[in-house]
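Q: Quick one: structure below, then a few questions.
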Amino acid sequence: MHQSNVNLLDLPNEILLKIFKILNNIDILNSLFDIDNQRLDMILQEKTFTTSLNFGLPTLYDTVSSIADSIIDRFCINILPKINNDIKSLTLESKSMARILRVADYPNLTELRLYNVNNHIISQYVTNFNHVTDLMVHDIKSIRHEFFLRIARFFPFLKILSVINFESQFMMNNNWNIGNDPLYSIVEYPNLISLDLRSSHIHYIDQFLDQKRTHLPRLTKLAVNYNELIMVTDNFTRESTRGNCAQVKELLFERALTHKKHFYNYFPLL
């Protein structure tokens, strides 16, 4: 039988696109972009490959680890400065987060997913993403109130927020807004419409629903553990959490439930 070898570049652009689209775009960009081949560069600058970049590796514990330093180096030096205007979504973890955020501006970035975040990185490098509307933050360490103050400051147009953290929150004091101390300030999210706390410790449900700590005037969608919601709201009677629930039109629980009258009094728009 006659055998022939077909070089990748012998294939038409349409076939190359189909092949590339079923592969990981980080791997494709790392292997084939900016290797002195204008044809490949043209194909890979198609927005399918450059709009959303995930720089984390999944682990067994529902988190991510860093990809290889050599790959991060290549992206920071050769790739990100050339495709930064196309990027709309970034998934980052703490080890490489700072380098990626400071290597280029991302004027069209609207979605950011941050793993193992910390106050330093948020304060130092998340300064130019004022168009971000969709944010996910994950950490294996306790997240303090002041971190959410920084989130509100650096993402003023935030509409969708998801928090993943199973550690109890460090509680500064039971009395908030004491002596105008900025660490005790109420967190203001004037544009937030969707909040997902299904993978969060009960302390973060209290953090966001208690109006003495957080103000959510436009919240219309809330995803949360039902039993923890009962505890935080004192079985839908607590006044300090009522205001942030008043505009909710969609509640997502882990299972379908039948509710009583006092539940609907607490969520009048359901």
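The chains in the structure tokens are called A, B, ... from first to last as shown; in each chain the residues are counted from 1, and the ligands are counted from 1 in the order shown.
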Among region 88-232 of chain A, which residues carry a DSSP assignment of strand (DSSP E), reported as an NGL selection string?
A: :A and (89-93 or 111-115 or 134-138 or 160-164 or 187-188 or 194-196 or 214-215 or 221-223)
Q: Check the DSSP output for the backbone and give back, as a list in words, the residues of region 154-248 of chain A in helix (DSSP H, G or I).
A: Phe154, Ile178, Gly179, Asn180, Pro182, Leu183, Tyr184, Ile202, His203, Tyr204, Ile205, Asp206, Gln207, Phe208, Leu209, Tyr226, Asn227, Glu228, Leu229, Ile230, Met231, Val232, Glu239, Ser240, Thr241, Arg242, Gly243, Asn244 and Cys245 of chain A
Q: Take the residues just selected and output them with N, CA and C atoms as a PDB file, in the first residue's frame.
A:
```
ATOM      1  N   PHE A 154     -12.427  48.335  42.696  1.00  0.00           N
ATOM      2  CA  PHE A 154     -11.740  48.110  41.431  1.00  0.00           C
ATOM      3  C   PHE A 154     -12.652  47.590  40.326  1.00  0.00           C
ATOM      4  N   ILE A 178     -17.840  51.274  62.742  1.00  0.00           N
ATOM      5  CA  ILE A 178     -17.466  51.906  63.995  1.00  0.00           C
ATOM      6  C   ILE A 178     -16.478  53.036  63.734  1.00  0.00           C
ATOM      7  N   GLY A 179     -16.792  54.239  64.254  1.00  0.00           N
ATOM      8  CA  GLY A 179     -15.849  55.347  64.180  1.00  0.00           C
ATOM      9  C   GLY A 179     -15.385  55.690  62.786  1.00  0.00           C
ATOM     10  N   ASN A 180     -16.209  55.397  61.771  1.00  0.00           N
ATOM     11  CA  ASN A 180     -15.864  55.686  60.373  1.00  0.00           C
ATOM     12  C   ASN A 180     -14.570  55.015  59.921  1.00  0.00           C
ATOM     13  N   PRO A 182     -12.448  52.849  57.790  1.00  0.00           N
ATOM     14  CA  PRO A 182     -12.729  52.321  56.449  1.00  0.00           C
ATOM     15  C   PRO A 182     -12.792  50.804  56.390  1.00  0.00           C
ATOM     16  N   LEU A 183     -12.109  50.124  57.309  1.00  0.00           N
ATOM     17  CA  LEU A 183     -12.165  48.662  57.313  1.00  0.00           C
ATOM     18  C   LEU A 183     -13.547  48.154  57.689  1.00  0.00           C
ATOM     19  N   TYR A 184     -14.342  49.023  58.320  1.00  0.00           N
ATOM     20  CA  TYR A 184     -15.692  48.644  58.729  1.00  0.00           C
ATOM     21  C   TYR A 184     -16.760  49.214  57.799  1.00  0.00           C
ATOM     22  N   ILE A 202     -21.038  29.754  55.214  1.00  0.00           N
ATOM     23  CA  ILE A 202     -22.207  30.542  55.612  1.00  0.00           C
ATOM     24  C   ILE A 202     -21.837  31.972  55.984  1.00  0.00           C
ATOM     25  N   HIS A 203     -20.613  32.198  56.448  1.00  0.00           N
ATOM     26  CA  HIS A 203     -20.187  33.549  56.801  1.00  0.00           C
ATOM     27  C   HIS A 203     -20.254  34.507  55.617  1.00  0.00           C
ATOM     28  N   TYR A 204     -20.027  33.990  54.399  1.00  0.00           N
ATOM     29  CA  TYR A 204     -20.052  34.863  53.227  1.00  0.00           C
ATOM     30  C   TYR A 204     -21.483  35.168  52.802  1.00  0.00           C
ATOM     31  N   ILE A 205     -22.400  34.287  53.110  1.00  0.00           N
ATOM     32  CA  ILE A 205     -23.813  34.595  52.884  1.00  0.00           C
ATOM     33  C   ILE A 205     -24.225  35.745  53.790  1.00  0.00           C
ATOM     34  N   ASP A 206     -23.788  35.695  55.040  1.00  0.00           N
ATOM     35  CA  ASP A 206     -24.051  36.785  55.966  1.00  0.00           C
ATOM     36  C   ASP A 206     -23.344  38.061  55.517  1.00  0.00           C
ATOM     37  N   GLN A 207     -22.128  37.924  55.047  1.00  0.00           N
ATOM     38  CA  GLN A 207     -21.350  39.074  54.560  1.00  0.00           C
ATOM     39  C   GLN A 207     -22.116  39.858  53.507  1.00  0.00           C
ATOM     40  N   PHE A 208     -22.739  39.154  52.577  1.00  0.00           N
ATOM     41  CA  PHE A 208     -23.386  39.827  51.458  1.00  0.00           C
ATOM     42  C   PHE A 208     -24.839  40.211  51.729  1.00  0.00           C
ATOM     43  N   LEU A 209     -25.540  39.474  52.554  1.00  0.00           N
ATOM     44  CA  LEU A 209     -26.951  39.776  52.759  1.00  0.00           C
ATOM     45  C   LEU A 209     -27.211  40.761  53.890  1.00  0.00           C
ATOM     46  N   TYR A 226     -29.992  26.527  50.746  1.00  0.00           N
ATOM     47  CA  TYR A 226     -31.259  26.884  51.381  1.00  0.00           C
ATOM     48  C   TYR A 226     -31.180  26.862  52.900  1.00  0.00           C
ATOM     49  N   ASN A 227     -30.595  25.819  53.477  1.00  0.00           N
ATOM     50  CA  ASN A 227     -30.526  25.713  54.939  1.00  0.00           C
ATOM     51  C   ASN A 227     -29.686  26.841  55.540  1.00  0.00           C
ATOM     52  N   GLU A 228     -28.630  27.215  54.841  1.00  0.00           N
ATOM     53  CA  GLU A 228     -27.799  28.312  55.328  1.00  0.00           C
ATOM     54  C   GLU A 228     -28.517  29.652  55.182  1.00  0.00           C
ATOM     55  N   LEU A 229     -29.312  29.789  54.137  1.00  0.00           N
ATOM     56  CA  LEU A 229     -30.109  31.001  53.976  1.00  0.00           C
ATOM     57  C   LEU A 229     -31.105  31.140  55.130  1.00  0.00           C
ATOM     58  N   ILE A 230     -31.714  30.039  55.535  1.00  0.00           N
ATOM     59  CA  ILE A 230     -32.632  30.060  56.677  1.00  0.00           C
ATOM     60  C   ILE A 230     -31.922  30.553  57.931  1.00  0.00           C
ATOM     61  N   MET A 231     -30.697  30.053  58.157  1.00  0.00           N
ATOM     62  CA  MET A 231     -29.956  30.452  59.358  1.00  0.00           C
ATOM     63  C   MET A 231     -29.564  31.930  59.307  1.00  0.00           C
ATOM     64  N   VAL A 232     -29.083  32.380  58.166  1.00  0.00           N
ATOM     65  CA  VAL A 232     -28.630  33.764  58.047  1.00  0.00           C
ATOM     66  C   VAL A 232     -29.793  34.741  58.212  1.00  0.00           C
ATOM     67  N   GLU A 239     -34.336  41.498  60.061  1.00  0.00           N
ATOM     68  CA  GLU A 239     -34.524  42.771  59.379  1.00  0.00           C
ATOM     69  C   GLU A 239     -33.269  43.227  58.630  1.00  0.00           C
ATOM     70  N   SER A 240     -32.091  42.968  59.166  1.00  0.00           N
ATOM     71  CA  SER A 240     -30.877  43.485  58.543  1.00  0.00           C
ATOM     72  C   SER A 240     -30.523  42.787  57.235  1.00  0.00           C
ATOM     73  N   THR A 241     -31.153  41.655  56.943  1.00  0.00           N
ATOM     74  CA  THR A 241     -30.915  40.970  55.664  1.00  0.00           C
ATOM     75  C   THR A 241     -32.099  41.101  54.709  1.00  0.00           C
ATOM     76  N   ARG A 242     -33.167  41.694  55.172  1.00  0.00           N
ATOM     77  CA  ARG A 242     -34.385  41.792  54.358  1.00  0.00           C
ATOM     78  C   ARG A 242     -34.178  42.698  53.137  1.00  0.00           C
ATOM     79  N   GLY A 243     -33.513  43.833  53.332  1.00  0.00           N
ATOM     80  CA  GLY A 243     -33.373  44.800  52.252  1.00  0.00           C
ATOM     81  C   GLY A 243     -32.651  44.255  51.041  1.00  0.00           C
ATOM     82  N   ASN A 244     -31.565  43.498  51.252  1.00  0.00           N
ATOM     83  CA  ASN A 244     -30.804  42.946  50.122  1.00  0.00           C
ATOM     84  C   ASN A 244     -31.534  41.810  49.418  1.00  0.00           C
ATOM     85  N   CYS A 245     -32.606  41.320  50.035  1.00  0.00           N
ATOM     86  CA  CYS A 245     -33.401  40.249  49.415  1.00  0.00           C
ATOM     87  C   CYS A 245     -34.650  40.786  48.723  1.00  0.00           C
TER      88      CYS A 245
END
```
Q: Quick check, in Å to one decimal: how far apart do CA of Phe49 (chain A) and CA of Asn24 (chain A) lie?
A: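 CA of Phe49 (chain A) sits 8.8 Å away from CA of Asn24 (chain A).
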Q: Might you pull out every residue within 7 Å of Phe157 (chain A), with only C-alpha atoms counted and same-chain residues fewer than 6 positions away left off, and present them as a PDB file with all heavy atoms, in the first residue's frame?
A:
```
ATOM      1  N   ASN A 130     -11.736  48.323  34.515  1.00  0.00           N
ATOM      2  CA  ASN A 130     -12.987  48.902  34.976  1.00  0.00           C
ATOM      3  C   ASN A 130     -14.177  48.582  34.089  1.00  0.00           C
ATOM      4  O   ASN A 130     -15.270  49.105  34.305  1.00  0.00           O
ATOM      5  CB  ASN A 130     -12.856  50.431  35.120  1.00  0.00           C
ATOM      6  CG  ASN A 130     -12.398  51.102  33.836  1.00  0.00           C
ATOM      7  OD1 ASN A 130     -12.272  50.463  32.800  1.00  0.00           O
ATOM      8  ND2 ASN A 130     -12.155  52.389  33.917  1.00  0.00           N
ATOM      9  N   HIS A 131     -13.993  47.700  33.089  1.00  0.00           N
ATOM     10  CA  HIS A 131     -15.126  47.245  32.279  1.00  0.00           C
ATOM     11  C   HIS A 131     -15.571  45.844  32.680  1.00  0.00           C
ATOM     12  O   HIS A 131     -16.515  45.315  32.086  1.00  0.00           O
ATOM     13  CB  HIS A 131     -14.764  47.269  30.790  1.00  0.00           C
ATOM     14  CG  HIS A 131     -14.494  48.646  30.261  1.00  0.00           C
ATOM     15  ND1 HIS A 131     -15.458  49.622  30.160  1.00  0.00           N
ATOM     16  CD2 HIS A 131     -13.341  49.229  29.820  1.00  0.00           C
ATOM     17  CE1 HIS A 131     -14.933  50.729  29.673  1.00  0.00           C
ATOM     18  NE2 HIS A 131     -13.646  50.516  29.472  1.00  0.00           N
ATOM     19  N   VAL A 132     -14.921  45.262  33.659  1.00  0.00           N
ATOM     20  CA  VAL A 132     -15.285  43.903  34.090  1.00  0.00           C
ATOM     21  C   VAL A 132     -16.677  43.913  34.711  1.00  0.00           C
ATOM     22  O   VAL A 132     -16.963  44.694  35.623  1.00  0.00           O
ATOM     23  CB  VAL A 132     -14.256  43.349  35.088  1.00  0.00           C
ATOM     24  CG1 VAL A 132     -14.748  42.042  35.710  1.00  0.00           C
ATOM     25  CG2 VAL A 132     -12.914  43.119  34.394  1.00  0.00           C
ATOM     26  N   THR A 133     -17.536  43.045  34.215  1.00  0.00           N
ATOM     27  CA  THR A 133     -18.894  42.927  34.753  1.00  0.00           C
ATOM     28  C   THR A 133     -19.169  41.564  35.368  1.00  0.00           C
ATOM     29  O   THR A 133     -20.164  41.402  36.081  1.00  0.00           O
ATOM     30  CB  THR A 133     -19.937  43.181  33.654  1.00  0.00           C
ATOM     31  OG1 THR A 133     -19.750  42.226  32.587  1.00  0.00           O
ATOM     32  CG2 THR A 133     -19.812  44.597  33.099  1.00  0.00           C
ATOM     33  N   ASN A 191     -24.314  47.987  41.035  1.00  0.00           N
ATOM     34  CA  ASN A 191     -24.758  47.390  39.768  1.00  0.00           C
ATOM     35  C   ASN A 191     -24.907  45.875  39.820  1.00  0.00           C
ATOM     36  O   ASN A 191     -25.282  45.267  38.813  1.00  0.00           O
ATOM     37  CB  ASN A 191     -23.767  47.766  38.660  1.00  0.00           C
ATOM     38  CG  ASN A 191     -23.687  49.260  38.438  1.00  0.00           C
ATOM     39  OD1 ASN A 191     -24.673  49.897  38.093  1.00  0.00           O
ATOM     40  ND2 ASN A 191     -22.520  49.846  38.659  1.00  0.00           N
TER      41      ASN A 191
END
```
Q: If you measure from CA of Tyr264 (chain A) to CA of Phe236 (chain A), what distance in Å do you get, rounded to one decimal?
A: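 According to the coordinates, CA of Tyr264 (chain A) and CA of Phe236 (chain A) are separated by 9.0 Å.
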Q: Within 12 Å of Asp134 (chain A), counting only C-alpha atoms, which residues qualify if same-chain residues fewer than 2 places away don't, as an MDAnalysis selection string?
A: chainID A and resid 88:91 109:114 129:132 136:137 151 155:163 191:196
Q: Nearest residue to Asn25 (chain A) out of A:Ile43, A:Asn7, A:Ala68, A:Ser52, using only C-alpha atoms?
A: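 Of A:Ile43, A:Asn7, A:Ala68, A:Ser52, the one nearest Asn25 (chain A), counting only C-alpha atoms, is A:Ser52.
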Q: Do a neighbour search on Leu257 (chain A) at 12 Å with only C-alpha atoms, toss out local chain neighbours closer than 4 positions, and write the hits as a list of chain:residue names.
A: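 The neighbour list is A:Asn225, A:Tyr226, A:Asn227, A:Leu251, A:Leu252, A:Phe253, A:Phe263.
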Q: Please provide as a PyMOL selection string all residues within 9 Å of region 69-81 of chain A, with the sequence filter that same-chain residues fewer than 3 positions apart are discarded (counting only C-alpha atoms).
A: chain A and resi 26-27+29-30+33-34+55+66+84-85+87+96+99-100+103-105
Q: What is the CA of Leu135 (chain A)-CA of Glu254 (chain A) distance in Å, reported with one decimal?
A: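 Distance between the two atoms: 21.6 Å.
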